[in-house]
There are 2 protein chains.
Amino acid sequence: MNDHFAASPGDAGSWMAAEGEDRDVIITSRIRLARNVNDFPFKARLSTDECRRLQEHVHEKLSPLRFADDQVYVDLEEVDLLDRELLLESHLISMELARADGPRGVVYSRRRHLSIMVNEEDHLRVQLLGPGQTLSEILREIEQIDQAISENVDYAAHSRFGYLTSCPTNVGTGLRFSVMLHLPALVTTKEIDKEFNAAQKMKLAVRGFYGEGASFVGDFFQVSNQVTLGRSVEDLLQDLLKVVPEIVKHERSVRSLILKDHRNEIEDKVYRALGLLRHARKISSQEALELLSQLRLGVCVGMVDTVDLKSINELLVLTQPAHVQAMETKDLSEEERDVARARYVRQRLGAE
Amino acid sequence: MNDHFAASPGDAGSWMAAEGEDRDVIITSRIRLARNVNDFPFKARLSTDECRRLQEHVHEKLSPLRFADDQVYVDLEEVDLLDRELLLESHLISMELARADGPRGVVYSRRRHLSIMVNEEDHLRVQLLGPGQTLSEILREIEQIDQAISENVDYAAHSRFGYLTSCPTNVGTGLRFSVMLHLPALVTTKEIDKEFNAAQKMKLAVRGFYGEGASFVGDFFQVSNQVTLGRSVEDLLQDLLKVVPEIVKHERSVRSLILKDHRNEIEDKVYRALGLLRHARKISSQEALELLSQLRLGVCVGMVDTVDLKSINELLVLTQPAHVQAMETKDLSEEERDVARARYVRQRLGAE
């Protein structure tokens with residue numbers, strides 16, 4: 001266990017606080033900015049030495065800045081895989097940054113709402129997370145952070161195109177809005193496909209719990225802008241604010257409908273999930289996600305009142321493999337991890 | 001709900017008391033005697049009128065006798081299907097007697113350890129049940145009952161062959177010993193087939209929870225003598241006393257072995273069963289049997305101490321469809337029964 005990060009592995013971070021608007025359906029909001037530094041080629045064209053130079057340059061420029069009172073810088077080459085996986089599971093770094101080689105780093109807040117990745121696909125990836133639907137709030141905050149960075153770092157930009165980015169789809173604002181949605185009712189009734197088609201027509205992307213390339217588990221979905229080129233920040237925000245509330249409304253109305261018509265089945269599914277979470281002695285991270293998803297539905301519709309939404313949101317992160325490993329003092333086999341995960345879940349859910 | 005029987009449908013009867021020798025593996029012991037009345041043809045050759053005459057004759061002869069202080073006589077033509085199914089689920093009457101037409105009856109004790117069926121395959125089928133391995137005890141008791149009946153009823157018998165019965169396999173003693181075994185470890189490890197083969201070589205029959213033609217569910221098995229012709233009561237008892245303790249020993253040693261080598265898996269399975277039983281909102285009788293079987297193993301090996309063996313044994317009977325129906329005041333659909341069953345199980349297992 002590295003001291004940087006998991007000093008409190010049992011804390012999932014403020015963005016999982018189950019606060020904010022529409023928290024019954026929207027778990028978190030996220031904004032990321034892609035920025036590059038002038039006079040350095042894009043990441044794909046950097047040699048390892050140039051990567052290191054860039055990393056040092058950025059670190060030097062960022063270190064005087066205070067983005068959060070609990071801010072930390074980590075050189076990702078210097079920490080072990082477990083710490084990188086912890087950061088990945090906390091959505092603070094990307095899979096690429098966690099698993100690739102080479103000079104790269106991240107500035108992040110210990111309460112896990114902020115990260116600035118260095119040497120990801122772009123030189124800089126600034127990211128803010130907030131609980132529930134908080135896109136407008138975190139937009140104001142990230143604009144201040146962006147402004148502060150730009151006063152110290154010379155961003156690559158073009159007077160007509162806007163910010164220049166490694167991948168053409170990000171050129172312009174370099175901004176992506178995302179919300180993480182919990183859509184168990186739409187999944188159960190297979191209504192989800194309609195929403196996905198509608199989202200795709202609006203050029204929004206739908207991804208799984210862990211972003212790009214991740215499979216869908218536990219009825220959790222990230223919806224985000226796909227193309228930013230030629231569009232203003234306000235345009236992008238409005239796209240999401242047009243589609244997401246529709247999805248939220250649809251999910252809620254289907255929740256009501258299935259509760260009316262299939263209450264016994266839903267109640268059974270929800271309570272079986274609670275029973276398994278409270279009693280299982282071995283549980284995989286995938287099963288935990290699926291059961292937590294069912295339990296979350298039960299809590300949101302007022303069927304279960306002995307578990308709070310915050311605990312469930314936190315467990316979504318804390319039951320992931322690296323978090324479970326981080327709570328133990330020795331390396332665990334997969335089976336031992338499943339046993340430790342089940343023990344932790346029982347403890348959090350007040351089981352015997 | 002008929003007043004005869006289910007005055008206390010929540011009481012599974014003394015034979016499910018989880019007492020007696022080897023109760024960790026042997027749930028109940030059972031002896032039945034096949035007897036026929038002289039001067040009446042065997043059941044298959046009786047007209048409906050003759051059946052009725054026989055029933056009246058037997059009833060008249062038996063009614064002065066007291067086999068148990070809580071003894072009741074039921075004319076099975078006069079009670080509804082639910083009551084007959086209750087008696088069947090309590091192992092007091094056979095499937096044939098529960099579901100066939102025609103004049104037939106049963107004398108039974110309310111604590112459900114004794115029954116005397118009239119007009120089953122034989123004119124009389126006397127049966128005693130006891131908890132755990134109690135074959136020798138109930139043999140003494142059933143011999144007294146047999147003696148008492150024989151003083152009032154003229155049994156069909158042959159000086160050389162012994163008692164005459166409808167089916168030739170029962171000729172002689174007309175006696176069958178059975179034990180109901182719980183063999184989850186032998187089933188899990190597939191060692192069960194060896195024991196079945198050994199039993200068959202000894203001319204013992206292996207059946208499911210509800211006897212002849214019933215499928216195997218929940219790792220419960222009845223082992224009994226198949227052929228009684230030409231064999232003494234002592235021979236038959238010795239056959240069972242040779243084989244059953246071997247099965248018990250084998251089951252116990254495999255339980256120890258899997259606990260040693262696969263403790264996590266077993267613990268997980270046992271506690272998941274407990275979690276589902278304590279939380280499910282809908283549960284079928286088959287699933288209940290299966291989960292109770294897993295939980296029973298956990299209780300027997302000392303893994304679970306918040307549930308007692310008696311409750312589990314009783315629930316094996318009380319979760320069956322007619323018992324669940326009998327606890328309600330109106331006719332239930334299958335789904336309503338599953339909901340009522342789950343509610344009852346939660347209540348018995350002290351769930352929230």
# chains A, B, ... in the order shown; residues from 1 in each chain; ligands from 1
$ residues_around --residues "stretch 201-205 of chain A" --least-positions-apart "5" --cutoff "10 Å" --atoms "only C-alpha atoms" --output "count of residues only"
18
$ closest_atom_pairs --of "chain B" --to "chain A" --cutoff "7 Å" --atoms "only C-alpha atoms" --output "tab-separated table"
residue	atom	partner	partner_atom	distance
B:Asn264	CA	A:Arg281	CA	6.8
B:Glu267	CA	A:Arg281	CA	6.3
B:Asp268	CA	A:Arg281	CA	4.3
B:Tyr271	CA	A:His279	CA	5.2
B:Arg272	CA	A:Ala280	CA	5.1
B:Gly275	CA	A:Gly275	CA	4.2
B:Leu276	CA	A:Gly275	CA	5.4
B:Arg278	CA	A:Gly275	CA	6.8
B:His279	CA	A:Gly275	CA	5.2
B:Ala280	CA	A:Arg272	CA	5.1
B:Arg281	CA	A:Asp268	CA	4.4
B:Lys282	CA	A:Asp268	CA	5.9
$ select_by_dssp --residues "stretch 89-125 of chain A" --states "helix (DSSP H, G or I)" --output "NGL selection string"
:A and (89 or 95-99)
$ write_last_selection --atoms "N, CA, C and O atoms" --output "PDB file, in the first residue's frame"
ATOM      1  N   GLU A  89      -9.575   2.752 -10.632  1.00  0.00           N
ATOM      2  CA  GLU A  89     -10.892   2.398 -10.096  1.00  0.00           C
ATOM      3  C   GLU A  89     -11.616   3.615  -9.524  1.00  0.00           C
ATOM      4  O   GLU A  89     -12.842   3.636  -9.458  1.00  0.00           O
ATOM      5  N   MET A  95      -7.434   3.984 -18.174  1.00  0.00           N
ATOM      6  CA  MET A  95      -6.801   2.678 -18.277  1.00  0.00           C
ATOM      7  C   MET A  95      -5.422   2.811 -18.928  1.00  0.00           C
ATOM      8  O   MET A  95      -4.466   2.183 -18.509  1.00  0.00           O
ATOM      9  N   GLU A  96      -5.333   3.677 -19.943  1.00  0.00           N
ATOM     10  CA  GLU A  96      -4.066   3.903 -20.635  1.00  0.00           C
ATOM     11  C   GLU A  96      -2.994   4.372 -19.658  1.00  0.00           C
ATOM     12  O   GLU A  96      -1.889   3.829 -19.625  1.00  0.00           O
ATOM     13  N   LEU A  97      -3.348   5.353 -18.848  1.00  0.00           N
ATOM     14  CA  LEU A  97      -2.360   5.909 -17.929  1.00  0.00           C
ATOM     15  C   LEU A  97      -1.994   4.905 -16.829  1.00  0.00           C
ATOM     16  O   LEU A  97      -0.869   4.859 -16.350  1.00  0.00           O
ATOM     17  N   ALA A  98      -2.940   4.067 -16.466  1.00  0.00           N
ATOM     18  CA  ALA A  98      -2.688   3.086 -15.415  1.00  0.00           C
ATOM     19  C   ALA A  98      -1.745   1.990 -15.901  1.00  0.00           C
ATOM     20  O   ALA A  98      -0.874   1.539 -15.171  1.00  0.00           O
ATOM     21  N   ARG A  99      -1.926   1.564 -17.139  1.00  0.00           N
ATOM     22  CA  ARG A  99      -1.258   0.340 -17.578  1.00  0.00           C
ATOM     23  C   ARG A  99      -0.130   0.533 -18.577  1.00  0.00           C
ATOM     24  O   ARG A  99       0.637  -0.396 -18.812  1.00  0.00           O
TER      25      ARG A  99
END
$ residues_around --residues "B:Ile149" --least-positions-apart "3" --cutoff "8 Å" --atoms "only C-alpha atoms" --output "ChimeraX atom specification"
/B:62,65,145-146,152-153
$ decode --residues "stretch 131-147 of chain A" --atoms "N, CA and C atoms" --output "JSON list (two decimals), in the first residue's frame"
[["chain", "number", "residue", "atom", "x", "y", "z"],
["A", 131, "PRO", "N", -20.94, 14.66, -7.56],
["A", 131, "PRO", "CA", -22.03, 13.70, -7.31],
["A", 131, "PRO", "C", -23.34, 14.17, -7.95],
["A", 132, "GLY", "N", -24.12, 13.22, -8.45],
["A", 132, "GLY", "CA", -25.42, 13.56, -9.06],
["A", 132, "GLY", "C", -25.24, 14.40, -10.32],
["A", 133, "GLN", "N", -26.27, 15.15, -10.66],
["A", 133, "GLN", "CA", -26.19, 16.01, -11.84],
["A", 133, "GLN", "C", -25.64, 17.36, -11.41],
["A", 134, "THR", "N", -24.36, 17.55, -11.64],
["A", 134, "THR", "CA", -23.69, 18.77, -11.20],
["A", 134, "THR", "C", -22.86, 19.35, -12.33],
["A", 135, "LEU", "N", -23.27, 19.13, -13.57],
["A", 135, "LEU", "CA", -22.46, 19.56, -14.72],
["A", 135, "LEU", "C", -22.20, 21.07, -14.71],
["A", 136, "SER", "N", -23.24, 21.86, -14.46],
["A", 136, "SER", "CA", -23.05, 23.32, -14.51],
["A", 136, "SER", "C", -22.09, 23.79, -13.43],
["A", 137, "GLU", "N", -22.24, 23.23, -12.23],
["A", 137, "GLU", "CA", -21.35, 23.61, -11.12],
["A", 137, "GLU", "C", -19.90, 23.25, -11.43],
["A", 138, "ILE", "N", -19.69, 22.01, -11.87],
["A", 138, "ILE", "CA", -18.28, 21.62, -12.08],
["A", 138, "ILE", "C", -17.73, 22.29, -13.34],
["A", 139, "LEU", "N", -18.61, 22.70, -14.25],
["A", 139, "LEU", "CA", -18.13, 23.45, -15.42],
["A", 139, "LEU", "C", -17.50, 24.77, -14.96],
["A", 140, "ARG", "N", -18.20, 25.48, -14.06],
["A", 140, "ARG", "CA", -17.64, 26.74, -13.55],
["A", 140, "ARG", "C", -16.30, 26.49, -12.87],
["A", 141, "GLU", "N", -16.23, 25.41, -12.11],
["A", 141, "GLU", "CA", -15.00, 25.12, -11.37],
["A", 141, "GLU", "C", -13.85, 24.75, -12.31],
["A", 142, "ILE", "N", -14.16, 23.94, -13.32],
["A", 142, "ILE", "CA", -13.08, 23.49, -14.21],
["A", 142, "ILE", "C", -12.61, 24.66, -15.09],
["A", 143, "GLU", "N", -13.50, 25.58, -15.36],
["A", 143, "GLU", "CA", -13.07, 26.75, -16.15],
["A", 143, "GLU", "C", -12.07, 27.59, -15.36],
["A", 144, "GLN", "N", -12.27, 27.65, -14.03],
["A", 144, "GLN", "CA", -11.31, 28.37, -13.20],
["A", 144, "GLN", "C", -9.97, 27.66, -13.17],
["A", 145, "ILE", "N", -10.04, 26.32, -13.06],
["A", 145, "ILE", "CA", -8.80, 25.53, -13.06],
["A", 145, "ILE", "C", -8.07, 25.70, -14.39],
["A", 146, "ASP", "N", -8.83, 25.61, -15.47],
["A", 146, "ASP", "CA", -8.26, 25.75, -16.82],
["A", 146, "ASP", "C", -7.58, 27.12, -16.95],
["A", 147, "GLN", "N", -8.24, 28.13, -16.45],
["A", 147, "GLN", "CA", -7.72, 29.50, -16.51],
["A", 147, "GLN", "C", -6.40, 29.59, -15.73]]
